[in-house]
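As stored in run_23.cif (mmCIF, C-alpha atoms):
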```
data_model
#
loop_
_atom_site.label_atom_id
_atom_site.label_comp_id
_atom_site.auth_asym_id
_atom_site.auth_seq_id
_atom_site.Cartn_x
_atom_site.Cartn_y
_atom_site.Cartn_z
CA MET A 611 -12.86 21.60 30.41
CA ALA A 612 -9.99 23.76 29.19
CA LEU A 613 -7.75 22.71 32.10
CA LEU A 614 -5.78 20.11 30.12
CA SER A 615 -4.87 22.41 27.28
CA ARG A 616 -4.02 25.27 29.67
CA ARG A 617 -1.53 22.96 31.36
CA LEU A 618 0.03 22.28 27.97
CA LEU A 619 0.15 25.96 26.98
CA PRO A 620 3.32 26.98 28.88
CA LEU A 621 5.16 23.98 27.41
CA CYS A 622 4.06 24.71 23.83
CA LEU A 623 4.49 28.47 23.90
CA ARG A 624 7.88 28.78 25.54
CA ARG A 625 10.10 30.79 23.22
CA GLY A 626 13.47 30.50 24.86
CA GLY A 627 15.11 30.33 28.27
CA PRO A 628 17.71 27.87 29.53
CA ALA A 629 17.65 24.45 27.96
CA ALA A 630 16.23 21.64 30.04
CA PRO A 631 18.66 19.01 31.33
CA ARG A 632 17.16 16.55 28.81
CA ALA A 633 16.22 17.58 25.31
CA LEU A 634 12.44 17.44 25.07
CA SER A 635 10.46 18.66 22.06
CA THR A 636 7.96 21.46 22.63
CA ALA A 637 5.98 19.79 19.88
CA ALA A 638 5.59 16.46 21.66
CA ALA A 639 2.06 15.08 21.58
CA ALA A 640 2.12 14.68 25.36
CA PRO A 641 4.49 16.03 28.00
CA ALA A 642 7.25 13.65 29.03
CA PRO A 643 8.90 13.80 32.46
CA ALA A 644 11.97 16.04 32.50
CA PHE A 645 13.84 13.65 34.80
CA PRO A 646 13.71 9.87 35.14
CA SER A 647 11.91 8.59 38.21
CA ASP A 648 13.62 6.49 40.86
CA GLY A 649 14.77 3.20 39.44
CA GLU A 650 14.16 4.34 35.88
CA GLU A 651 17.12 4.38 33.55
CA GLU A 652 17.99 7.64 31.80
CA ASP A 653 17.74 5.94 28.39
CA SER A 654 14.35 4.42 29.06
CA ILE A 655 12.38 4.89 25.83
CA THR A 656 12.56 2.03 23.36
CA VAL A 657 10.38 2.04 20.25
CA LYS A 658 10.68 -0.52 17.42
CA GLY A 659 13.99 -1.68 18.83
CA VAL A 660 15.47 1.84 18.87
CA ARG A 661 16.52 3.16 22.28
CA ILE A 662 16.64 6.92 22.77
CA SER A 663 17.18 9.36 25.61
CA GLY A 664 13.77 10.90 26.17
CA ARG A 665 11.41 12.10 23.45
CA PRO A 666 13.27 13.28 20.34
CA LEU A 667 13.18 16.86 19.13
CA TYR A 668 10.34 17.23 16.65
CA MET A 669 11.47 18.73 13.34
CA ASP A 670 9.07 17.09 10.91
CA MET A 671 6.41 19.81 10.64
CA GLN A 672 5.63 19.00 7.00
CA ALA A 673 4.43 15.54 8.04
CA THR A 674 2.14 16.91 10.74
CA THR A 675 2.01 19.63 13.37
CA PRO A 676 1.05 19.46 17.05
CA VAL A 677 -2.41 20.69 17.95
CA ASP A 678 -2.27 24.23 19.29
CA PRO A 679 -3.64 24.23 22.88
CA ARG A 680 -6.04 27.03 21.89
CA VAL A 681 -7.41 24.76 19.18
CA LEU A 682 -7.91 21.98 21.72
CA ASP A 683 -9.77 24.42 23.97
CA ALA A 684 -12.19 25.17 21.15
CA MET A 685 -12.73 21.45 20.37
CA LEU A 686 -13.29 19.99 23.84
CA PRO A 687 -16.89 21.20 24.41
CA PHE A 688 -17.99 19.45 21.22
CA TYR A 689 -16.65 16.15 22.52
CA LEU A 690 -18.05 16.43 26.05
CA SER A 691 -21.32 18.38 26.09
CA ARG A 692 -22.22 19.81 22.68
CA TYR A 693 -22.02 16.47 20.91
CA GLY A 694 -25.03 16.79 18.62
CA ASN A 695 -25.04 15.79 14.97
CA PRO A 696 -24.90 19.03 12.95
CA HIS A 697 -27.40 17.53 10.49
CA SER A 698 -30.05 16.96 13.20
CA ARG A 699 -32.59 19.73 12.55
CA THR A 700 -35.13 19.05 15.32
CA HIS A 701 -33.37 19.91 18.59
CA LEU A 702 -30.83 22.17 20.30
CA TYR A 703 -27.94 19.71 20.10
CA GLY A 704 -28.10 19.68 16.33
CA TRP A 705 -28.67 23.42 16.04
CA GLU A 706 -25.65 24.39 18.13
CA SER A 707 -23.39 21.92 16.29
CA ASP A 708 -24.62 23.23 12.96
CA ALA A 709 -23.92 26.82 14.09
CA ALA A 710 -20.40 25.83 15.16
CA VAL A 711 -19.73 24.14 11.80
CA GLU A 712 -20.88 27.22 9.90
CA ALA A 713 -18.74 29.51 12.09
CA ALA A 714 -15.73 27.30 11.36
CA ARG A 715 -16.56 27.37 7.64
CA ALA A 716 -16.48 31.17 7.75
CA ARG A 717 -13.08 31.16 9.49
CA VAL A 718 -11.54 28.84 6.88
CA ALA A 719 -13.03 30.95 4.08
CA SER A 720 -11.73 34.17 5.61
CA LEU A 721 -8.14 32.90 5.67
CA VAL A 722 -8.13 32.34 1.89
CA GLY A 723 -10.39 35.22 0.82
CA ALA A 724 -13.31 32.96 -0.15
CA ASP A 725 -17.07 32.94 0.36
CA PRO A 726 -18.08 30.46 3.12
CA ARG A 727 -20.44 28.81 0.62
CA GLU A 728 -17.34 27.82 -1.40
CA ILE A 729 -15.86 25.72 1.44
CA PHE A 730 -16.70 22.00 1.69
CA PHE A 731 -15.40 19.96 4.62
CA THR A 732 -13.72 16.61 3.94
CA SER A 733 -11.49 14.12 5.75
CA GLY A 734 -8.29 15.79 4.56
CA ALA A 735 -6.27 17.08 1.62
CA THR A 736 -5.96 13.64 0.00
CA GLU A 737 -9.74 13.38 -0.32
CA CYS A 738 -9.87 16.99 -1.59
CA ASN A 739 -7.33 16.22 -4.28
CA ASN A 740 -9.28 13.16 -5.39
CA ILE A 741 -12.55 15.12 -5.58
CA ALA A 742 -10.88 17.99 -7.43
CA VAL A 743 -8.90 16.01 -10.01
CA LYS A 744 -11.30 13.13 -10.66
CA GLY A 745 -14.47 15.08 -9.95
CA VAL A 746 -13.85 17.91 -12.43
CA MET A 747 -12.69 15.68 -15.25
CA ARG A 748 -15.56 13.21 -14.85
CA PHE A 749 -18.14 15.99 -14.76
CA TYR A 750 -16.83 17.58 -17.96
CA ARG A 751 -15.77 14.30 -19.59
CA ASP A 752 -17.75 14.94 -22.77
CA ARG A 753 -15.76 18.09 -23.65
CA ARG A 754 -12.59 17.96 -21.56
CA ARG A 755 -10.20 15.01 -21.82
CA HIS A 756 -6.83 16.51 -20.84
CA VAL A 757 -5.18 17.27 -17.47
CA ILE A 758 -1.95 19.16 -16.79
CA THR A 759 0.04 18.68 -13.60
CA THR A 760 3.71 18.61 -12.56
CA GLN A 761 6.13 15.81 -11.80
CA THR A 762 6.59 17.04 -8.21
CA GLU A 763 2.97 16.88 -7.06
CA HIS A 764 1.83 14.97 -4.00
CA LYS A 765 1.36 11.26 -4.54
CA CYS A 766 -2.45 11.49 -4.33
CA VAL A 767 -2.58 13.96 -7.22
CA LEU A 768 -0.24 11.87 -9.36
CA ASP A 769 -2.16 8.68 -8.59
CA SER A 770 -5.49 10.39 -9.36
CA CYS A 771 -4.08 11.45 -12.71
CA ARG A 772 -2.88 7.92 -13.43
CA TYR A 773 -6.35 6.66 -12.54
CA LEU A 774 -7.84 9.06 -15.08
CA GLN A 775 -5.38 7.81 -17.69
CA GLN A 776 -6.79 4.33 -17.19
CA GLU A 777 -10.20 5.79 -17.98
CA GLY A 778 -8.94 7.22 -21.27
CA PHE A 779 -8.00 10.76 -20.27
CA ASP A 780 -4.72 12.37 -21.38
CA VAL A 781 -2.33 13.71 -18.73
CA THR A 782 0.68 15.98 -19.23
CA TYR A 783 3.25 15.77 -16.41
CA LEU A 784 5.26 18.99 -16.67
CA PRO A 785 8.91 18.89 -15.63
CA VAL A 786 10.19 21.51 -13.22
CA ARG A 787 13.38 23.55 -13.27
CA SER A 788 16.35 22.67 -11.09
CA ASP A 789 15.01 25.03 -8.42
CA GLY A 790 11.69 23.18 -8.33
CA LEU A 791 9.62 25.89 -10.00
CA VAL A 792 7.37 25.21 -12.98
CA ASP A 793 8.26 26.86 -16.30
CA LEU A 794 5.32 29.16 -17.07
CA ALA A 795 6.00 29.17 -20.82
CA GLN A 796 5.94 25.35 -20.85
CA LEU A 797 2.70 25.39 -18.90
CA GLU A 798 1.04 27.80 -21.32
CA ASP A 799 2.21 25.79 -24.33
CA ALA A 800 0.83 22.57 -22.83
CA ILE A 801 -2.74 23.86 -22.58
CA ARG A 802 -5.02 22.42 -25.29
CA PRO A 803 -8.61 23.19 -26.33
CA ASP A 804 -9.75 20.08 -24.43
CA THR A 805 -7.71 20.75 -21.27
CA GLY A 806 -10.07 20.43 -18.32
CA LEU A 807 -7.79 21.10 -15.35
CA VAL A 808 -4.37 22.45 -14.39
CA SER A 809 -3.20 21.16 -10.98
CA VAL A 810 -0.06 22.65 -9.42
CA MET A 811 0.89 22.37 -5.74
CA ALA A 812 1.21 25.70 -3.90
CA VAL A 813 4.04 24.75 -1.50
CA ASN A 814 5.88 21.49 -2.06
CA ASN A 815 5.79 19.16 0.92
CA GLU A 816 9.33 17.83 0.38
CA ILE A 817 11.33 20.89 -0.65
CA GLY A 818 9.12 23.81 0.43
CA VAL A 819 9.19 25.57 -2.94
CA VAL A 820 6.40 28.13 -3.46
CA GLN A 821 5.01 28.06 -6.99
CA PRO A 822 4.00 31.33 -8.76
CA LEU A 823 0.28 30.85 -8.11
CA GLU A 824 -0.82 34.27 -9.32
CA GLU A 825 0.94 33.86 -12.68
CA ILE A 826 -0.42 30.32 -13.12
CA GLY A 827 -3.91 31.52 -12.27
CA ARG A 828 -3.66 34.32 -14.83
CA ILE A 829 -2.63 31.89 -17.58
CA CYS A 830 -5.48 29.51 -16.70
CA LYS A 831 -8.01 32.33 -16.64
CA GLU A 832 -6.89 33.57 -20.07
CA LYS A 833 -7.20 30.03 -21.46
CA GLY A 834 -10.51 29.31 -19.74
CA VAL A 835 -9.15 26.32 -17.79
CA PRO A 836 -9.90 25.68 -14.07
CA PHE A 837 -6.84 25.97 -11.83
CA HIS A 838 -6.54 23.56 -8.89
CA THR A 839 -3.84 23.86 -6.25
CA ASP A 840 -2.96 21.55 -3.36
CA ALA A 841 -2.43 24.15 -0.63
CA ALA A 842 -2.11 21.79 2.35
CA GLN A 843 1.44 23.03 3.04
CA ALA A 844 0.63 26.65 2.22
CA LEU A 845 -2.46 27.36 4.31
CA GLY A 846 -1.66 29.67 7.22
CA LYS A 847 2.00 29.90 6.20
CA ILE A 848 1.87 32.14 3.14
CA PRO A 849 -0.88 34.62 2.21
CA ILE A 850 -3.55 33.08 -0.04
CA ASP A 851 -6.23 35.00 -1.91
CA VAL A 852 -8.26 32.76 -4.21
CA ASN A 853 -9.58 35.68 -6.26
CA ARG A 854 -6.26 37.46 -6.75
CA MET A 855 -4.55 34.17 -7.59
CA GLY A 856 -7.30 32.96 -9.93
CA ILE A 857 -7.73 29.66 -8.05
CA GLY A 858 -10.76 27.59 -9.03
CA LEU A 859 -10.29 24.63 -6.69
CA MET A 860 -8.03 24.27 -3.64
CA SER A 861 -7.25 21.45 -1.22
CA LEU A 862 -6.69 22.26 2.47
CA SER A 863 -5.71 20.22 5.53
CA GLY A 864 -6.27 20.74 9.24
CA HIS A 865 -3.29 18.95 10.73
CA LYS A 866 -0.70 20.99 8.81
CA ILE A 867 -1.69 24.22 10.59
CA TYR A 868 -1.76 23.06 14.24
CA GLY A 869 -5.28 21.68 13.92
CA PRO A 870 -6.61 18.13 14.33
CA LYS A 871 -5.98 15.22 11.98
CA GLY A 872 -8.86 13.81 9.98
CA VAL A 873 -10.34 17.04 8.63
CA GLY A 874 -9.72 19.12 5.52
CA ALA A 875 -11.60 21.43 3.21
CA LEU A 876 -12.12 21.80 -0.52
CA TYR A 877 -12.49 25.29 -1.95
CA LEU A 878 -14.78 25.22 -5.00
CA ARG A 879 -15.38 28.46 -6.89
CA ARG A 880 -18.98 29.62 -7.35
CA ARG A 881 -18.47 32.39 -9.95
CA PRO A 882 -17.67 31.34 -12.57
CA ARG A 883 -19.08 28.09 -11.22
CA ILE A 884 -16.94 24.97 -11.30
CA ARG A 885 -18.79 21.65 -11.05
CA VAL A 886 -17.45 18.33 -9.78
CA GLU A 887 -18.83 14.82 -9.73
CA PRO A 888 -19.04 13.64 -6.08
CA GLN A 889 -16.71 10.76 -5.28
CA MET A 890 -18.77 9.42 -2.37
CA SER A 891 -22.43 8.43 -2.29
CA GLY A 892 -24.58 8.94 0.78
CA GLY A 893 -26.81 11.41 2.56
CA GLY A 894 -25.84 14.39 0.44
CA GLN A 895 -24.14 16.39 3.19
CA GLU A 896 -21.94 19.36 2.26
CA ARG A 897 -24.43 20.28 -0.47
CA GLY A 898 -23.98 16.93 -2.15
CA ILE A 899 -20.24 17.34 -2.73
CA ARG A 900 -19.11 15.14 0.16
CA SER A 901 -21.60 12.81 1.86
CA GLY A 902 -21.04 11.75 5.44
CA THR A 903 -21.62 13.26 8.88
CA VAL A 904 -19.47 16.34 9.36
CA PRO A 905 -17.25 15.76 12.45
CA THR A 906 -18.10 18.86 14.48
CA PRO A 907 -15.13 18.78 16.92
CA LEU A 908 -12.60 18.40 14.09
CA VAL A 909 -14.23 21.10 11.98
CA VAL A 910 -14.34 23.48 14.96
CA GLY A 911 -10.65 22.79 15.59
CA PHE A 912 -9.84 23.45 11.93
CA GLY A 913 -11.70 26.76 12.08
CA ALA A 914 -9.89 27.78 15.27
CA ALA A 915 -6.53 26.89 13.72
CA CYS A 916 -7.34 29.07 10.70
CA GLU A 917 -8.34 31.98 12.93
CA ILE A 918 -5.10 31.73 14.91
CA ALA A 919 -3.07 31.44 11.70
CA ALA A 920 -4.67 34.61 10.32
CA GLN A 921 -3.63 36.48 13.46
CA GLU A 922 -0.11 35.07 13.83
CA MET A 923 1.03 34.31 10.26
CA ASP A 924 3.39 37.28 10.00
CA TYR A 925 4.97 36.63 13.39
CA ASP A 926 5.32 32.90 12.72
CA HIS A 927 6.91 33.58 9.32
CA ARG A 928 9.52 35.96 10.75
CA ARG A 929 10.35 33.60 13.58
CA VAL A 930 10.60 30.49 11.41
CA SER A 931 12.77 32.40 8.90
CA ALA A 932 15.23 33.20 11.70
CA LEU A 933 15.26 29.55 12.81
CA GLN A 934 15.88 28.36 9.24
CA GLN A 935 18.85 30.71 8.87
CA ARG A 936 20.19 29.63 12.25
CA LEU A 937 20.00 25.96 11.27
CA LEU A 938 21.54 26.48 7.84
CA ASP A 939 24.38 28.69 9.09
CA GLY A 940 25.11 26.33 11.98
CA ILE A 941 25.43 23.27 9.74
CA ARG A 942 27.34 24.98 6.92
CA ALA A 943 29.85 26.50 9.35
CA GLN A 944 31.01 23.00 10.35
CA VAL A 945 30.27 20.76 7.35
CA ASP A 946 31.18 21.18 3.69
CA GLU A 947 29.46 19.74 0.60
CA VAL A 948 25.96 20.65 1.84
CA VAL A 949 23.41 21.28 -0.93
CA ILE A 950 20.03 22.99 -0.52
CA ASN A 951 17.33 21.30 -2.57
CA GLY A 952 14.90 23.72 -4.18
CA SER A 953 14.79 27.47 -4.54
CA MET A 954 15.82 29.55 -1.52
CA GLU A 955 14.21 32.70 -2.92
CA HIS A 956 10.78 31.15 -3.50
CA ARG A 957 10.47 28.94 -0.44
CA TYR A 958 8.52 28.53 2.76
CA PRO A 959 11.27 28.91 5.40
CA GLY A 960 9.92 26.22 7.72
CA ASN A 961 11.04 23.58 5.21
CA LEU A 962 14.78 23.08 4.76
CA ASN A 963 15.73 20.10 2.59
CA LEU A 964 19.47 19.43 2.60
CA SER A 965 21.67 16.85 0.88
CA PHE A 966 24.98 15.85 2.47
CA ALA A 967 27.43 14.53 -0.11
CA TYR A 968 29.12 11.19 0.61
CA VAL A 969 26.60 10.34 3.33
CA GLU A 970 23.83 7.75 2.97
CA GLY A 971 20.52 9.32 3.99
CA GLU A 972 19.07 6.29 5.76
CA SER A 973 22.27 5.87 7.79
CA LEU A 974 22.11 9.53 8.75
CA LEU A 975 18.47 9.17 9.79
CA MET A 976 19.29 6.13 11.94
CA GLY A 977 22.04 8.12 13.61
CA LEU A 978 19.73 11.05 14.33
CA LYS A 979 17.59 9.14 16.82
CA GLU A 980 17.22 12.23 19.00
CA VAL A 981 15.80 14.35 16.17
CA ALA A 982 12.53 13.51 14.45
CA VAL A 983 13.24 14.36 10.80
CA SER A 984 12.50 12.60 7.52
CA SER A 985 14.15 11.88 4.21
CA GLY A 986 11.09 12.87 2.17
CA SER A 987 7.31 12.79 2.21
CA ALA A 988 5.75 10.92 5.11
CA CYS A 989 3.37 9.39 2.58
CA THR A 990 6.16 7.69 0.62
CA SER A 991 8.99 7.44 3.17
CA ALA A 992 8.54 3.68 3.53
CA SER A 993 10.16 3.30 0.11
CA LEU A 994 13.93 3.01 -0.17
CA GLU A 995 13.83 4.57 -3.63
CA PRO A 996 15.24 8.11 -3.88
CA SER A 997 12.67 10.90 -3.72
CA TYR A 998 10.86 11.34 -7.03
CA VAL A 999 10.62 15.06 -6.24
CA LEU A 1000 14.39 15.43 -6.01
CA ARG A 1001 14.89 13.31 -9.12
CA ALA A 1002 12.49 15.64 -10.96
CA LEU A 1003 14.76 18.53 -9.98
CA GLY A 1004 17.65 16.76 -11.70
CA VAL A 1005 19.35 15.77 -8.44
CA GLU A 1006 21.61 12.77 -9.05
CA GLU A 1007 20.55 9.53 -7.43
CA ASP A 1008 23.39 9.42 -4.91
CA MET A 1009 22.65 12.96 -3.70
CA ALA A 1010 18.90 12.30 -3.65
CA HIS A 1011 19.61 9.41 -1.27
CA THR A 1012 21.42 11.77 1.13
CA SER A 1013 18.61 14.28 1.62
CA ILE A 1014 17.16 15.19 5.01
CA ARG A 1015 14.10 17.41 5.45
CA PHE A 1016 14.12 19.64 8.52
CA GLY A 1017 10.67 21.00 9.35
CA MET A 1018 10.34 23.92 11.78
CA GLY A 1019 7.21 25.62 13.03
CA ARG A 1020 5.36 27.64 15.65
CA PHE A 1021 6.63 25.71 18.65
CA THR A 1022 10.21 25.00 17.53
CA THR A 1023 12.76 26.65 19.83
CA GLU A 1024 16.28 27.97 19.26
CA GLU A 1025 17.57 25.37 21.72
CA GLU A 1026 16.07 22.60 19.61
CA VAL A 1027 17.64 24.02 16.45
CA ASP A 1028 21.05 24.25 18.16
CA ARG A 1029 20.76 20.66 19.38
CA ALA A 1030 19.73 19.51 15.88
CA ILE A 1031 22.80 21.25 14.45
CA GLU A 1032 25.07 19.57 17.00
CA LEU A 1033 23.67 16.08 16.38
CA THR A 1034 23.56 16.44 12.58
CA VAL A 1035 27.12 17.73 12.30
CA HIS A 1036 28.40 14.98 14.59
CA GLN A 1037 26.66 12.25 12.61
CA VAL A 1038 27.68 13.58 9.18
CA LYS A 1039 31.33 13.80 10.25
CA LYS A 1040 31.16 10.31 11.74
CA LEU A 1041 29.75 8.79 8.55
CA ARG A 1042 32.20 10.66 6.33
CA ASP A 1043 35.12 9.41 8.41
CA MET A 1044 34.00 5.90 7.41
CA SER A 1045 33.50 6.81 3.75
CA PRO A 1046 36.30 6.05 1.29
CA LEU A 1047 34.45 8.17 -1.31
CA TYR A 1048 34.74 11.28 0.85
CA GLU A 1049 38.44 10.61 1.38
CA MET A 1050 38.99 10.19 -2.37
CA ALA A 1051 37.05 13.38 -3.15
CA LYS A 1052 39.11 15.33 -0.65
CA ALA A 1053 42.23 13.98 -2.36
CA GLY A 1054 41.05 15.57 -5.59
CA ILE A 1055 39.93 12.38 -7.36
CA ASP A 1056 37.02 12.82 -9.77
CA LEU A 1057 34.68 10.06 -8.67
CA LYS A 1058 32.64 10.26 -11.86
CA SER A 1059 35.69 9.40 -13.94
CA ILE A 1060 36.28 6.13 -12.10
CA GLU A 1061 35.14 2.95 -13.82
CA TRP A 1062 33.94 0.68 -11.06
CA SER A 1063 34.30 -3.05 -11.64
CA GLN A 1064 32.03 -5.73 -10.23
CA HIS A 1065 33.36 -8.75 -8.35
#
```

Please go through the file and, once you have read it, give me the structure as structure tokens.
Amino acid sequence: MALLSRRLLPLCLRRGGPAAPRALSTAAAAPAPAFPSDGEEEDSITVKGVRISGRPLYMDMQATTPVDPRVLDAMLPFYLSRYGNPHSRTHLYGWESDAAVEAARARVASLVGADPREIFFTSGATECNNIAVKGVMRFYRDRRRHVITTQTEHKCVLDSCRYLQQEGFDVTYLPVRSDGLVDLAQLEDAIRPDTGLVSVMAVNNEIGVVQPLEEIGRICKEKGVPFHTDAAQALGKIPIDVNRMGIGLMSLSGHKIYGPKGVGALYLRRRPRIRVEPQMSGGGQERGIRSGTVPTPLVVGFGAACEIAAQEMDYDHRRVSALQQRLLDGIRAQVDEVVINGSMEHRYPGNLNLSFAYVEGESLLMGLKEVAVSSGSACTSASLEPSYVLRALGVEEDMAHTSIRFGMGRFTTEEEVDRAIELTVHQVKKLRDMSPLYEMAKAGIDLKSIEWSQH
């Protein structure tokens, strides 16, 4: 049963060694052949009209992560033999699934310093954010009519807040500093007697900035306001302690920590108790907070991913920090006018968001066919508008358009980083050679002083 994932383990856990003749990502969803078969062209993969040489290097870990083979090992029995509904109370199949769900609940709780009874399984962080933001405010609607959040939150938090505005609630969208961090004095001043929730993301999905959770939690506790944080990008990557940080509600995701897609968890504090209005009607599963059959294999995988993260967080952090420095040094040594978006001091190192002056971001992405990177959040990357997160930092529109997010993780290798450096530098230089703006800037012309005329 565990044979498949054991075959994948050497591929996913290799830490170094000579580079393969063709660049293949250790994070690929399925192994690709290292060499083309007879009669097969070297450049044989064509997707959406784009032809590439083999599977691209995967450096988009903020969008999703590959499932750790050890997580897959834990999940497989609950697909193949232990497939009972955890809510079936009359036979062994239900009992063993229920026991597995509760064991997974305890593992998730342990990673964040919570009581297992405070963990509620959902379909993912988006659903958690909706339950937290809408659920709290609707439950306390008679006394609490005001929400505070930041301009750099995930789209689902911002859209939930806009939805509440349509229902008559007030929302304050706090600006952030140029480094992406919230101003604590502004936050404290914004709290009103009728404020019902403060929602601030723990680690930003686009720029990797880590907000001062402990300080925010202290302010909220002093003011008697529940503190919600979207910790999808933080779980398993930075230490989280819900009691020390004063967190009242927290949104978690499975597929950001090498677990399966389609499962998440909402942390909901018991003492002092925070109540929410359920957003889904049904059988009353998850103690009435989230109706619907709990998907045992996904929940088991989420629990296993949390257990592995607890054991390997320190090692992963040191390793990813070294890869981040390697990538940054390698690019900056060969290319000028490279700007880091967001704080470097308060940052998760697996996220490196860079802007390349005088280069159009979409053109750069199209040129980097052999590297899977993004120009922003996967949830909003279909838009050609510049990132609202970067605009909130005060990044000018032209520089916001040039940003590329490199995401590194547990299975990223030094060889992949070196290849990403090589391809990025080549493409940036190529695009700048075609840019009259870069040539003018190098000649000392102040581009902002030019009055451009339309024809």

Note to self: Under the rule that only C-alpha atoms are counted, which of A:Gly902, A:Gly856, A:Gly874, A:Gly659 is the nearest residue to A:Cys738?
What the structure shows: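 Under the stated criterion, the closest residue is A:Gly874.
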
| task | Just the residues within 10 Å of stretch 972-979 of chain A, please, counting only C-alpha atoms, with nothing from its chain fewer than 2 positions along; format it as a count of residues only. | result | 28

Exercise. List the neighbours of A:Arg727 out to 9 Å using only C-alpha atoms; skip same-chain residues closer than 2 positions along the sequence, and give me the result as a PyMOL selection string.
Key: chain A and resi 715-716+719+724-725+729-730+878+880

| Looking at only C-alpha atoms, which of A:Arg753, A:Arg936, A:Arg883, A:His865 is the one that sits closest to A:Leu908? |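 Residue with the minimum atom-to-atom distance to A:Leu908: A:His865.
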
Discussion item. Once the PyMOL selection byres ((chain A and resi 710) around 12) has been evaluated on this model, what residues remain selected, and can you format them as a PyMOL selection string?
Written reply: chain A and resi 684-685+687-688+692-697+703-709+711-717+904-914

Between A:Val677, A:Leu862, A:Met923, A:Leu794, smallest distance to A:Lys847 by all atoms listed in the file belongs to A:Met923

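Using all atoms listed in the file, the shortest contact distance between A:Leu1003 and any of A:Val819, A:Met860, A:Leu768, A:Val746 is found at A:Val819.
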
For this session: Please write as JSON, numbers by chain the full residue list that the PyMOL selection byres ((chain A and resi 882) around 12) yields on this file.
Result: {"A": [728, 831, 834, 835, 836, 853, 856, 857, 858, 859, 878, 879, 880, 881, 883, 884, 885]}

Can you translate the PyMOL selection byres ((chain A and resi 997) around 8) into the concrete residues it hits in this file, as a list in words?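 Applying the PyMOL selection byres ((chain A and resi 997) around 8) to the structure shown produces Gly986, Glu995, Pro996, Tyr998, Val999, Leu1000, Arg1001, Ala1010 and His1011 of chain A.
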
Among A:Leu686, A:Ile1031, A:Leu876, A:Ala812, A:Leu938 is approached most closely, using all atoms listed in the file, by A:Ile1031

Please build the interface table for stretch 654-758 of chain A against stretch 940-962 of chain A with a cut-off of 9 Å, listing for each qualifying residue the nearest atom pair and the distance in Å to one decimal; count all atoms listed in the file, order rows by chain and increasing number, and write it as JSON lines.
```
{"residue": "A:Asp670", "atom": "CA", "partner": "A:Asn961", "partner_atom": "CA", "distance": 8.9}
{"residue": "A:Met671", "atom": "CA", "partner": "A:Gly960", "partner_atom": "CA", "distance": 7.9}
{"residue": "A:Gln672", "atom": "CA", "partner": "A:Asn961", "partner_atom": "CA", "distance": 7.3}
```

Same residues, C-alpha atoms, output as a CSV table (one decimal), keeping the file's coordinate frame:
```
chain,number,residue,atom,x,y,z
A,670,ASP,CA,9.1,17.1,10.9
A,671,MET,CA,6.4,19.8,10.6
A,672,GLN,CA,5.6,19.0,7.0
```

Please, which residues are within 10 Å of (-1.4, 31.4, -14.2) by the file's coordinates, counting all atoms listed in the file, and could they come as a PyMOL selection string? chain A and resi 794+797-798+808+822-833+835+837+855-857

If you keep C-alpha atoms, can you produce a file of those selected residues as a PDB file, in the coordinates of the input?
```
ATOM      1  CA  LEU A 794       5.320  29.160 -17.070  1.00  0.00           C
ATOM      2  CA  LEU A 797       2.700  25.390 -18.900  1.00  0.00           C
ATOM      3  CA  GLU A 798       1.040  27.800 -21.320  1.00  0.00           C
ATOM      4  CA  VAL A 808      -4.370  22.450 -14.390  1.00  0.00           C
ATOM      5  CA  PRO A 822       4.000  31.330  -8.760  1.00  0.00           C
ATOM      6  CA  LEU A 823       0.280  30.850  -8.110  1.00  0.00           C
ATOM      7  CA  GLU A 824      -0.820  34.270  -9.320  1.00  0.00           C
ATOM      8  CA  GLU A 825       0.940  33.860 -12.680  1.00  0.00           C
ATOM      9  CA  ILE A 826      -0.420  30.320 -13.120  1.00  0.00           C
ATOM     10  CA  GLY A 827      -3.910  31.520 -12.270  1.00  0.00           C
ATOM     11  CA  ARG A 828      -3.660  34.320 -14.830  1.00  0.00           C
ATOM     12  CA  ILE A 829      -2.630  31.890 -17.580  1.00  0.00           C
ATOM     13  CA  CYS A 830      -5.480  29.510 -16.700  1.00  0.00           C
ATOM     14  CA  LYS A 831      -8.010  32.330 -16.640  1.00  0.00           C
ATOM     15  CA  GLU A 832      -6.890  33.570 -20.070  1.00  0.00           C
ATOM     16  CA  LYS A 833      -7.200  30.030 -21.460  1.00  0.00           C
ATOM     17  CA  VAL A 835      -9.150  26.320 -17.790  1.00  0.00           C
ATOM     18  CA  PHE A 837      -6.840  25.970 -11.830  1.00  0.00           C
ATOM     19  CA  MET A 855      -4.550  34.170  -7.590  1.00  0.00           C
ATOM     20  CA  GLY A 856      -7.300  32.960  -9.930  1.00  0.00           C
ATOM     21  CA  ILE A 857      -7.730  29.660  -8.050  1.00  0.00           C
TER      22      ILE A 857
END
```

Of A:Val1035, A:Val820, A:Ile758, A:Met747, the one sitting nearest A:Ile850 when using only C-alpha atoms is A:Val820

Between atom CA of A:Ile741 and atom CA of A:Gln889 lies a distance of 6.0 Å
